[in-house]
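Engineer: The following file, protein_21.cif, comprises mmCIF, C-alpha atoms:
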data_data
loop_
_atom_site.label_atom_id
_atom_site.label_comp_id
_atom_site.auth_asym_id
_atom_site.auth_seq_id
_atom_site.Cartn_x
_atom_site.Cartn_y
_atom_site.Cartn_z
CA MET H 12 34.20 79.91 118.74
CA ARG H 13 33.77 83.01 116.60
CA ARG H 14 37.47 83.79 116.88
CA GLY H 15 38.26 80.11 116.27
CA LEU H 16 36.65 80.24 112.83
CA VAL H 17 38.64 83.34 111.89
CA LEU H 18 41.87 81.81 113.20
CA ALA H 19 41.27 78.54 111.34
CA SER H 20 40.66 80.47 108.12
CA VAL H 21 43.84 82.55 108.49
CA LEU H 22 45.98 79.51 109.34
CA PHE H 23 44.64 77.55 106.36
CA LEU H 24 45.23 80.36 103.89
CA VAL H 25 48.70 81.08 105.27
CA ALA H 26 49.64 77.38 105.21
CA SER H 27 48.87 77.28 101.49
CA ALA H 28 51.05 80.28 100.72
CA ASP H 29 53.88 78.10 99.39
CA LEU H 30 51.56 76.39 96.90
CA ARG H 31 51.02 77.81 93.46
CA GLY H 32 47.64 79.46 93.30
CA GLN H 33 45.78 82.64 92.53
CA TRP H 34 44.52 84.92 95.27
CA SER H 35 41.35 86.98 94.99
CA VAL H 36 39.86 89.49 97.39
CA GLU H 37 36.41 91.05 97.32
CA ALA H 38 34.69 93.64 99.51
CA GLY H 39 31.38 95.41 99.30
CA TRP H 40 29.07 97.84 101.07
CA LEU H 41 25.35 98.43 100.61
CA THR H 42 23.28 101.18 102.25
CA THR H 43 19.51 100.69 102.05
CA TYR H 44 16.48 102.61 103.17
CA ASP H 45 13.89 99.97 104.04
CA ALA H 46 10.40 101.36 104.60
CA ASN H 47 9.25 98.10 106.22
CA SER H 48 12.30 96.47 107.77
CA PHE H 49 10.27 93.97 109.85
CA ARG H 50 8.03 92.74 106.99
CA ASN H 51 4.75 93.10 108.90
CA PHE H 52 1.76 95.39 109.36
CA ARG H 53 3.64 97.81 111.64
CA GLU H 54 5.72 99.02 108.65
CA LEU H 55 8.64 100.25 110.75
CA PRO H 56 11.35 101.90 108.59
CA ASP H 57 15.09 101.63 109.08
CA TRP H 58 18.41 102.45 107.48
CA VAL H 59 20.34 99.22 106.95
CA ASN H 60 24.07 99.08 106.24
CA GLN H 61 25.40 95.75 105.00
CA GLY H 62 29.07 94.99 104.51
CA SER H 63 30.84 91.94 103.14
CA ALA H 64 34.35 90.71 102.46
CA ALA H 65 35.81 87.52 101.02
CA VAL H 66 39.27 86.15 100.44
CA SER H 67 39.86 83.05 98.33
CA ARG H 68 42.61 81.09 96.68
CA GLU H 69 42.30 79.00 93.57
CA PHE H 70 44.59 76.19 92.44
CA SER H 71 44.50 74.66 88.98
CA TRP H 72 46.01 71.50 87.55
CA SER H 73 45.51 69.70 84.25
CA LYS H 74 42.65 67.56 85.57
CA ALA H 75 41.58 69.26 88.78
CA GLU H 76 40.75 72.62 90.34
CA LEU H 77 40.56 73.59 94.00
CA ALA H 78 39.17 76.77 95.57
CA VAL H 79 39.16 77.68 99.25
CA SER H 80 37.51 80.80 100.65
CA TYR H 81 36.60 82.68 103.79
CA ASP H 82 33.56 84.99 103.73
CA VAL H 83 32.31 87.42 106.34
CA SER H 84 29.31 89.73 106.19
CA GLY H 85 27.12 91.65 108.58
CA ALA H 86 24.34 94.18 108.94
CA LEU H 87 23.91 97.31 111.06
CA PHE H 88 20.51 98.92 111.74
CA HIS H 89 20.13 102.60 112.57
CA ASN H 90 16.71 102.63 114.25
CA HIS H 91 16.91 99.15 115.80
CA PRO H 92 20.62 98.61 116.56
CA ASP H 93 19.98 95.39 118.50
CA ARG H 94 19.16 93.65 115.21
CA ARG H 95 22.81 93.72 114.09
CA PHE H 96 24.41 90.39 113.25
CA LEU H 97 27.55 88.81 111.82
CA LEU H 98 27.84 85.93 109.32
CA GLN H 99 31.01 83.90 108.71
CA SER H 100 31.76 80.99 106.42
CA LEU H 101 34.83 78.89 105.58
CA GLY H 102 34.60 76.50 102.64
CA GLY H 103 36.25 74.70 99.80
CA GLU H 104 35.28 73.24 96.44
CA MET H 105 37.14 70.77 94.27
CA ALA H 106 36.42 69.83 90.65
CA ILE H 107 37.97 66.81 88.96
CA PHE H 108 37.95 66.37 85.17
CA PRO H 109 38.51 62.65 84.54
CA GLY H 110 37.87 62.84 80.79
CA GLY H 111 38.60 66.43 79.91
CA ARG H 112 37.00 69.76 80.75
CA GLY H 113 33.61 68.76 79.32
CA PHE H 114 32.78 66.62 82.38
CA ALA H 115 33.45 67.44 86.03
CA LEU H 116 32.98 65.72 89.39
CA VAL H 117 32.45 68.43 92.00
CA ALA H 118 32.69 68.16 95.79
CA SER H 119 32.27 70.99 98.29
CA VAL H 120 32.24 71.47 102.04
CA SER H 121 31.65 74.54 104.21
CA TYR H 122 31.07 75.60 107.79
CA GLY H 123 29.31 78.82 108.74
CA ARG H 124 27.73 80.59 111.68
CA ARG H 125 25.53 83.56 112.51
CA ASP H 126 25.95 85.59 115.70
CA ASP H 127 23.40 88.08 117.01
CA VAL H 128 23.00 90.16 120.16
CA ALA H 129 20.19 90.01 122.72
CA PRO H 130 17.25 89.89 122.36
CA TYR H 131 17.72 88.52 118.83
CA THR H 132 20.01 85.62 119.71
CA ILE H 133 17.22 83.27 118.62
CA PHE H 134 18.72 83.63 115.11
CA ASP H 135 22.14 82.33 116.23
CA HIS H 136 23.00 79.17 114.33
CA ARG H 137 25.81 76.96 113.15
CA MET H 138 25.67 75.29 109.75
CA PHE H 139 27.74 72.55 108.14
CA GLU H 140 27.15 71.76 104.45
CA ALA H 141 28.63 69.21 102.06
CA SER H 142 27.74 68.22 98.51
CA LEU H 143 28.86 65.85 95.76
CA GLY H 144 27.76 66.01 92.15
CA TYR H 145 28.65 66.21 88.52
CA ARG H 146 28.13 68.60 85.65
CA THR H 147 28.87 68.35 81.96
CA THR H 148 28.89 70.53 78.86
CA ARG H 149 28.74 67.58 76.50
CA GLY H 150 25.69 66.89 74.40
CA GLU H 151 22.77 69.26 73.91
CA TRP H 152 21.17 69.44 77.37
CA TYR H 153 24.13 69.95 79.75
CA PRO H 154 22.74 67.83 82.62
CA GLU H 155 23.93 68.10 86.22
CA CYS H 156 23.13 66.26 89.46
CA THR H 157 24.01 67.07 93.09
CA LEU H 158 23.58 65.24 96.39
CA GLY H 159 23.78 67.53 99.41
CA TYR H 160 23.76 67.35 103.19
CA ALA H 161 23.32 70.11 105.77
CA ASN H 162 23.35 70.20 109.56
CA ARG H 163 21.86 73.33 111.13
CA SER H 164 22.10 73.87 114.86
CA TYR H 165 20.26 76.60 116.82
CA PRO H 166 21.83 76.90 120.31
CA ASN H 167 19.00 79.06 121.66
CA LEU H 168 16.21 77.16 119.90
CA PRO H 169 17.29 73.48 119.98
CA GLU H 170 13.88 72.15 118.92
CA PHE H 171 14.54 73.61 115.46
CA SER H 172 17.99 72.02 114.96
CA HIS H 173 17.91 69.51 112.13
CA HIS H 174 19.67 67.40 109.52
CA GLU H 175 18.77 67.84 105.87
CA TRP H 176 19.47 65.83 102.71
CA ASP H 177 18.60 66.91 99.18
CA LEU H 178 18.98 65.51 95.68
CA SER H 179 18.76 67.89 92.74
CA PHE H 180 18.73 67.45 88.96
CA GLY H 181 19.16 70.17 86.38
CA ALA H 182 19.58 70.63 82.66
CA ARG H 183 20.16 73.50 80.22
CA HIS H 184 19.52 73.66 76.51
CA SER H 185 19.66 76.26 73.75
CA PHE H 186 17.34 75.90 70.77
CA PRO H 187 18.13 77.07 67.22
CA GLN H 188 15.36 79.68 67.56
CA ARG H 189 17.61 81.54 70.10
CA LEU H 190 15.47 80.28 72.96
CA SER H 191 17.19 78.81 76.03
CA ILE H 192 15.64 76.70 78.77
CA ILE H 193 16.78 75.73 82.26
CA LEU H 194 15.04 72.93 84.16
CA GLY H 195 15.53 71.96 87.77
CA VAL H 196 14.00 69.46 90.20
CA GLU H 197 14.95 69.06 93.85
CA MET H 198 13.85 66.58 96.52
CA GLY H 199 14.63 67.37 100.13
CA TYR H 200 14.29 65.45 103.39
CA ARG H 201 14.68 66.92 106.86
CA ALA H 202 14.93 65.21 110.25
CA PHE H 203 14.69 67.29 113.42
CA VAL H 204 17.03 66.51 116.28
CA ARG H 205 14.31 66.78 118.95
CA ARG H 206 10.64 65.88 119.12
CA LEU H 207 7.96 68.35 120.18
CA VAL H 208 5.01 67.59 122.42
CA VAL H 209 1.83 67.14 120.36
CA ILE H 210 -0.95 69.41 121.65
CA THR H 211 -4.35 69.00 120.00
CA ARG H 212 -6.59 70.95 122.37
CA SER H 213 -7.23 74.68 122.28
CA VAL H 214 -5.18 76.43 124.96
CA THR H 215 -4.28 79.88 126.20
CA PRO H 216 -0.78 80.87 127.25
CA SER H 217 -1.69 80.98 130.93
CA SER H 218 -3.07 77.43 130.89
CA LEU H 219 0.16 75.85 129.61
CA GLY H 220 2.98 74.68 131.79
CA SER H 221 6.27 76.47 131.42
CA SER H 222 7.84 73.60 129.47
CA ASN H 223 5.03 73.63 126.87
CA ARG H 224 4.94 77.40 126.63
CA ARG H 225 8.54 77.31 125.51
CA LYS H 226 7.71 75.16 122.47
CA MET H 227 6.07 77.88 120.40
CA ARG H 228 6.48 81.57 121.02
CA ARG H 229 5.50 84.82 119.41
CA TRP H 230 8.15 87.39 118.65
CA SER H 231 6.94 90.94 119.14
CA GLY H 232 8.58 94.29 119.72
CA GLY H 233 12.06 92.98 120.47
CA GLY H 234 11.02 90.19 122.84
CA PHE H 235 8.96 87.04 123.21
CA ARG H 236 5.26 87.07 124.00
CA GLU H 237 3.76 83.63 124.68
CA VAL H 238 0.69 82.75 122.63
CA GLN H 239 -1.16 79.65 121.54
CA ILE H 240 0.76 76.71 120.18
CA ILE H 241 -0.09 76.96 116.51
CA GLU H 242 0.67 73.50 115.19
CA THR H 243 0.17 69.79 115.80
CA LEU H 244 2.98 67.55 114.71
CA ALA H 245 3.22 64.01 113.41
CA GLU H 246 4.81 61.49 115.78
CA ALA H 247 7.95 61.24 113.67
CA PRO H 248 9.85 64.57 113.45
CA GLU H 249 10.58 64.35 109.71
CA THR H 250 9.37 66.36 106.75
CA ALA H 251 10.01 66.43 103.01
CA LEU H 252 9.92 68.92 100.15
CA ILE H 253 9.65 68.51 96.39
CA SER H 254 10.39 71.62 94.34
CA GLY H 255 11.04 72.51 90.73
CA ARG H 256 11.62 75.40 88.41
CA ILE H 257 11.66 76.18 84.71
CA ARG H 258 13.31 79.24 83.22
CA LEU H 259 12.97 80.44 79.64
CA GLY H 260 15.27 83.04 78.13
CA ARG H 261 15.22 84.80 74.80
CA PRO H 262 17.44 87.57 73.43
CA LEU H 263 15.80 90.72 72.09
CA GLY H 264 18.53 92.09 69.94
CA GLU H 265 22.26 91.99 70.63
CA SER H 266 22.25 93.49 74.13
CA THR H 267 18.79 92.81 75.58
CA GLY H 268 17.37 89.63 77.04
CA LEU H 269 13.99 88.61 78.43
CA SER H 270 13.51 85.75 80.90
CA LEU H 271 10.44 84.06 82.35
CA GLU H 272 10.74 81.78 85.37
CA CYS H 273 8.18 79.60 87.15
CA SER H 274 9.01 77.78 90.39
CA GLY H 275 7.05 75.91 93.02
CA GLY H 276 7.33 73.63 96.01
CA TRP H 277 5.15 71.03 97.70
CA SER H 278 5.61 69.34 101.06
CA PRO H 279 3.85 65.96 101.33
CA SER H 280 4.35 66.01 105.11
CA ARG H 281 2.70 68.47 107.51
CA ALA H 282 5.36 68.04 110.18
CA ALA H 283 7.28 71.24 109.41
CA ARG H 284 8.00 73.51 112.35
CA SER H 285 7.31 77.21 112.17
CA LEU H 286 7.46 80.11 114.59
CA THR H 287 4.48 82.39 114.28
CA ARG H 288 5.06 86.10 113.74
CA LEU H 289 8.82 85.97 113.88
CA ASP H 290 10.69 89.11 112.90
CA TYR H 291 12.36 89.08 109.49
CA GLY H 292 15.92 87.81 109.85
CA TYR H 293 17.42 89.91 107.02
CA ASP H 294 19.44 86.93 105.81
CA PRO H 295 18.84 84.87 102.62
CA SER H 296 19.71 81.70 104.55
CA ASP H 297 17.18 82.40 107.32
CA PHE H 298 15.40 79.08 107.93
CA LEU H 299 13.22 80.35 110.78
CA SER H 300 11.15 83.10 109.18
CA GLU H 301 11.58 82.03 105.50
CA ASP H 302 11.72 78.23 105.61
CA PRO H 303 10.73 76.60 102.26
CA PHE H 304 9.74 73.40 104.10
CA SER H 305 6.95 75.22 105.95
CA PHE H 306 4.72 76.16 102.98
CA ASP H 307 3.40 75.00 99.60
CA GLY H 308 3.29 77.49 96.79
CA GLY H 309 4.54 78.85 93.52
CA ARG H 310 6.14 81.95 92.06
CA LEU H 311 6.16 83.47 88.56
CA SER H 312 8.65 86.17 87.54
CA LEU H 313 9.44 88.15 84.39
CA GLU H 314 12.70 90.07 83.99
CA LEU H 315 14.17 92.28 81.27
CA ARG H 316 17.92 92.80 81.19
CA ARG H 317 19.96 95.14 78.98
CA ILE H 318 23.68 95.75 78.56
CA TRP H 319 24.57 99.30 77.56
CA GLY H 320 27.86 100.87 76.59
CA ARG H 321 30.89 100.21 78.85
CA ASN H 322 29.07 97.11 80.19
CA VAL H 323 26.56 99.14 82.17
CA GLU H 324 23.69 96.79 83.02
CA THR H 325 20.07 97.49 83.92
CA GLN H 326 17.43 95.03 85.12
CA MET H 327 13.74 95.46 85.66
CA GLY H 328 11.22 92.82 86.62
CA PHE H 329 7.96 91.79 88.19
CA ALA H 330 7.04 88.71 90.23
CA GLY H 331 4.06 87.26 92.03
CA GLY H 332 3.62 84.23 94.24
CA ARG H 333 1.33 82.41 96.65
CA ARG H 334 2.16 80.46 99.80
CA MET H 335 -0.02 78.21 101.94
CA TYR H 336 1.40 77.36 105.35
CA GLY H 337 -0.21 73.97 105.94
CA GLY H 338 0.77 73.64 109.61
CA VAL H 339 0.26 77.28 110.61
CA PRO H 340 -3.19 78.79 111.31
CA ALA H 341 -4.04 82.44 110.65
CA PHE H 342 -4.81 84.53 113.73
CA ASP H 343 -6.34 87.91 114.39
CA LEU H 344 -4.09 90.90 114.86
CA ASP H 345 -3.71 90.23 118.60
CA GLY H 346 -2.64 86.64 117.93
CA GLU H 347 -5.31 85.17 120.21
CA LYS H 348 -8.22 84.15 117.95
CA GLU H 349 -7.77 81.66 115.12
CA ILE H 350 -9.24 82.94 111.84
CA SER H 351 -8.37 80.10 109.49
CA GLU H 352 -6.80 76.66 109.72
CA HIS H 353 -4.12 77.59 107.19
CA ARG H 354 -2.29 80.86 106.72
CA ILE H 355 -2.21 81.95 103.07
CA ASP H 356 0.00 84.76 101.73
CA THR H 357 0.05 86.34 98.28
CA ARG H 358 3.07 88.47 97.45
CA VAL H 359 3.83 90.70 94.45
CA GLU H 360 7.00 92.66 93.84
CA ALA H 361 8.65 94.85 91.22
CA TRP H 362 12.27 95.94 90.96
CA LEU H 363 14.67 98.11 89.00
CA SER H 364 18.46 97.93 89.29
CA LEU H 365 21.54 99.51 87.74
CA GLN H 366 25.17 98.29 87.77
CA ILE H 367 28.12 100.36 86.57
CA PRO H 368 31.52 98.60 86.33
CA VAL H 369 34.79 100.56 86.41
CA ASN H 370 38.32 99.17 86.11
CA VAL H 371 41.08 100.98 87.96
CA GLY H 372 44.26 99.13 87.12
CA ALA H 373 43.97 95.62 88.59
CA LEU H 374 41.02 96.71 90.73
CA GLN H 375 37.50 96.08 89.50
CA LEU H 376 34.80 98.36 90.94
CA VAL H 377 31.05 97.96 90.49
CA GLY H 378 28.60 100.61 91.64
CA SER H 379 24.95 99.65 92.04
CA ALA H 380 21.56 101.22 92.65
CA ASP H 381 18.47 99.16 93.50
CA LEU H 382 14.79 99.96 93.93
CA ARG H 383 12.26 97.31 95.01
CA TRP H 384 8.55 97.49 95.87
CA THR H 385 6.74 94.64 97.62
CA GLN H 386 3.16 94.04 98.73
CA SER H 387 1.99 91.12 100.85
CA ARG H 388 -1.66 90.12 101.23
CA SER H 389 -2.66 87.51 103.79
CA ASN H 390 -5.64 86.07 105.65
CA ASP H 391 -3.55 86.81 108.77
CA PRO H 392 -3.65 90.63 109.22
CA TYR H 393 -0.20 90.59 110.81
CA TYR H 394 1.27 89.75 107.39
CA ARG H 395 -0.58 92.39 105.37
CA TRP H 396 2.04 94.96 104.50
CA ARG H 397 3.74 97.06 101.86
CA GLY H 398 7.39 97.90 101.57
CA LEU H 399 9.79 99.99 99.51
CA MET H 400 13.55 99.49 99.48
CA ALA H 401 16.09 101.84 97.90
CA GLY H 402 19.78 101.05 98.06
CA LEU H 403 23.19 102.25 96.88
CA GLY H 404 26.22 100.01 96.94
CA VAL H 405 29.77 99.48 95.76
CA ARG H 406 31.75 96.28 95.32
CA ALA H 407 35.48 95.93 94.73
CA ALA H 408 37.39 92.84 93.57
CA ARG H 409 40.98 92.02 92.78
#
Write the structure described by the file as C-alpha cells, please.

Structural biologist:
Amino acid sequence: MRRGLVLASVLFLVASADLRGQWSVEAGWLTTYDANSFRNFRELPDWVNQGSAAVSREFSWSKAELAVSYDVSGALFHNHPDRRFLLQSLGGEMAIFPGGRGFALVASVSYGRRDDVAPYTIFDHRMFEASLGYRTTRGEWYPECTLGYANRSYPNLPEFSHHEWDLSFGARHSFPQRLSIILGVEMGYRAFVRRLVVITRSVTPSSLGSSNRRKMRRWSGGGFREVQIIETLAEAPETALISGRIRLGRPLGESTGLSLECSGGWSPSRAARSLTRLDYGYDPSDFLSEDPFSFDGGRLSLELRRIWGRNVETQMGFAGGRRMYGGVPAFDLDGEKEISEHRIDTRVEAWLSLQIPVNVGALQLVGSADLRWTQSRSNDPYYRWRGLMAGLGVRAAR
C-alpha cells in the first residue's frame, strides 16, 4: 500500500504532463538536538533528523485554479532508532471564482498515511480528508467558512479509528489605527468506529480478562505495560469540540510586528478516548498523544517578528497554556495509584528563530536556526518535565 500511494502520485503527475501548468519542487532537512525527546519525566535526549520533499503542479484559468501535490516526510532518531517513521500525502485543491477574484469557492481532498516500525506501529494510520468552503476579500472583514470531513484509521489500534466532521468560521479585519484582528470559531464532531466496554469498578491489570486489558494500555520503554483502565465512556461513542481563537497584530515601525493570540477549546462530551502515558509521536497530526478532543483548556502567546536587510527574519515569543483532561485521571509515577480524578497540565514555552533566504538563480534557499524551551507542570508526575530543543535546517524550492 505504501508503494501504491507513491505509484498513484507519479502516474497522476505524469498524466498531467501534457496540460499547461507550473511545476514546483521543495525539499528540506532539519537536524535537532532534543533534550527531552519523549516529553516526560525521564528526559531522554536524542538527535532527530527530519527530512521532507514535495512536488506539486498548479493550473490556472480565468475563473479557476487547480493544484495537485505529493508530500513525503520522515524522521530518524539517533539514540532510539526504532522511533523512525514515514509520512506520505497525496492531495488536490481547486478554487473557483464565479464573480471575480474577490470571491472563491474552494474544495480540497487528500489521502495520507504514517508508517512506523515495531514496537511503535501503534502510530500507524491512514487518513482521508475533504473540505468545501468559501473565502472572500470583499468588504472590510474578509469572512471565510469551511466544512470538513476526516476519516482516520488505526490498523493496530482499531478502537481509536473514527470519523470527524467540523465547521469553521473565520474573519480578518484591519483597523485605521494599524491594528489587525483575526477571529476564528470551529465546531467539531467525532464518531468512533467501535464501542469500548464501560468499566466503572477499580481494577488491577491482573484481574482483567485479556480482551479488557487490550482496551487501555500504558506505553513505557519501547513496549506496552498493562495498567488500570483510566476512563469510563458514555454509551454512545461520540464526542464534540468547540474551539476558538483571536489574534491581534500591530506593526512597530516599518519592519517589526507584534502579535498576541488567545485560543481555547471545550468539549461538552466526556466520551473522548485517550491512551495514558503514550510516547510523544513527533508529528503535528498525532491524534493519539496530542488529541484536542481529549482536553479542555486555553493558550495565550505573544510573538515579536522583525524583518532585517536582505529579508532576514527573526522571531521570538512566549506562550503559556493549561489543559484539563476530563476523562483521564492522574496517577502516581508507577501508574498504579490514582491521585486525582482529572489530569491537569500547565505548559509554558519560549522560542527564538532565525531565517536567512538566499536566491541562487531559479533556486530559492532558506537557512534556519531554532531554539525552544518548554516546561510542563502536572498533577501527574509522569508529565512533569523540562525540555530544550536546538535545530539547524535548510529548505530549497524551485

Engineer: List the residues matched by the PyMOL selection byres ((chain H and resi 265) around 12) in the displayed structure as a ChimeraX atom specification, ordered by chain and then by residue number.

Structural biologist: /H:189,261-264,266-269,316-319

Engineer: Can you translate the PyMOL selection byres ((chain H and resi 154) around 8) into the concrete residues it hits in this file, as an MDAnalysis selection string?

Structural biologist: chainID H and resid 146:148 152:153 155:156 180:183

Engineer: Can you work out which one of H:Val204, H:Val83, H:Ala408, H:Met138 has the shortest atom-to-atom distance to Gly372 in chain H, counting all atoms listed in the file?

Structural biologist: H:Ala408

Engineer: Take the PyMOL selection byres ((chain H and resi 274-281) around 8), apply it to the structure above, and return the hits as a PyMOL selection string.

Structural biologist: chain H and resi 244-245+249-257+272-273+282-283+303-311+337-338

Engineer: So the first atom is CA of Asp356 in chain H and the second is CA of Gly331 in chain H; what is the distance between them in Å, to one decimal place?

Structural biologist: 10.8 Å

Engineer: Please compute the CA of Gly85 in chain H-CA of Trp362 in chain H distance, one decimal, in Å.

Structural biologist: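 About the pair CA of Gly85 in chain H and CA of Trp362 in chain H: they are 23.4 Å apart.
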
Engineer: Do a neighbour search on range 89-105 of chain H at 7 Å with only C-alpha atoms, toss out local chain neighbours closer than 6 positions, and write the hits as number ranges by chain.

Structural biologist: H: 20, 57-59, 76-83, 117-129, 131

Engineer: Quick one: what's the axis-aligned box for range 270-274 of chain H, all listed atoms, 3 Å on every side, centre and edges in Å to one decimal, as lines of an AutoDock Vina configuration file?

Structural biologist:
center_x = 10.8
center_y = 81.8
center_z = 85.6
size_x = 11.3
size_y = 14.0
size_z = 15.5

Engineer: Of the candidates H:Phe52, H:Leu365, H:Arg354, H:Ser389, which shows the shortest atom-to-atom distance to Leu403 in chain H, using only C-alpha atoms?

Structural biologist: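 Going through H:Phe52, H:Leu365, H:Arg354, H:Ser389 one by one, the smallest distance to Leu403 in chain H is for H:Leu365.
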
Engineer: From the options H:Arg388, H:Arg163, H:Asp343, H:Arg258, which residue's atoms come nearest to Arg288 in chain H, counting all atoms listed in the file?

Structural biologist: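 Nearest candidate to Arg288 in chain H out of H:Arg388, H:Arg163, H:Asp343, H:Arg258: H:Asp343.
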
Engineer: Can you pull out every residue within 9 Å of Pro166 in chain H, counting only C-alpha atoms, but drop anything in the same chain fewer than 3 positions away, and send it as a PyMOL selection string?

Structural biologist: chain H and resi 132-133+135-137+169+172

Engineer: What separation in Å, quoted to one decimal, exists between CA of Tyr44 in chain H and CA of Ala86 in chain H?

Structural biologist: 12.9 Å

Engineer: Find the residues with any atom within 7 Å of (13.8, 64.8, 102.5); use all atoms listed in the file and the coordinates as given in the file, and write the answer as number ranges by chain.

Structural biologist: H: 175-177, 198-201, 250-252

Engineer: I'd like the neighbourhood of Val371 in chain H as a list in words, where a residue qualifies if any of its atoms comes within 12 Å (using only C-alpha atoms), though same-chain residues fewer than 4 positions away should be ignored.

Structural biologist: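 So the residues in contact are Gln375, Leu376, Val377, Ala407, Ala408 and Arg409 of chain H.
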
Engineer: Could you pull out every residue with an atom within 10 Å of (13.4, 88.4, 111.2), file coordinates, counting all atoms listed in the file, and send them as an NGL selection string?

Structural biologist: :H and (48-50 or 94 or 131 or 133-134 or 230 or 288-294 or 297 or 299-301)

Engineer: Which residues are near Asp45 in chain H? Cut-off 9 Å, all atoms listed in the file, ignore same chain within fewer than 6 positions. Put them as a list in words.

Structural biologist: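 The residues satisfying every condition are Leu55, Pro56, Asp57, Trp58, Val59, Gly398, Leu399, Met400, Ala401 and Gly402 of chain H.
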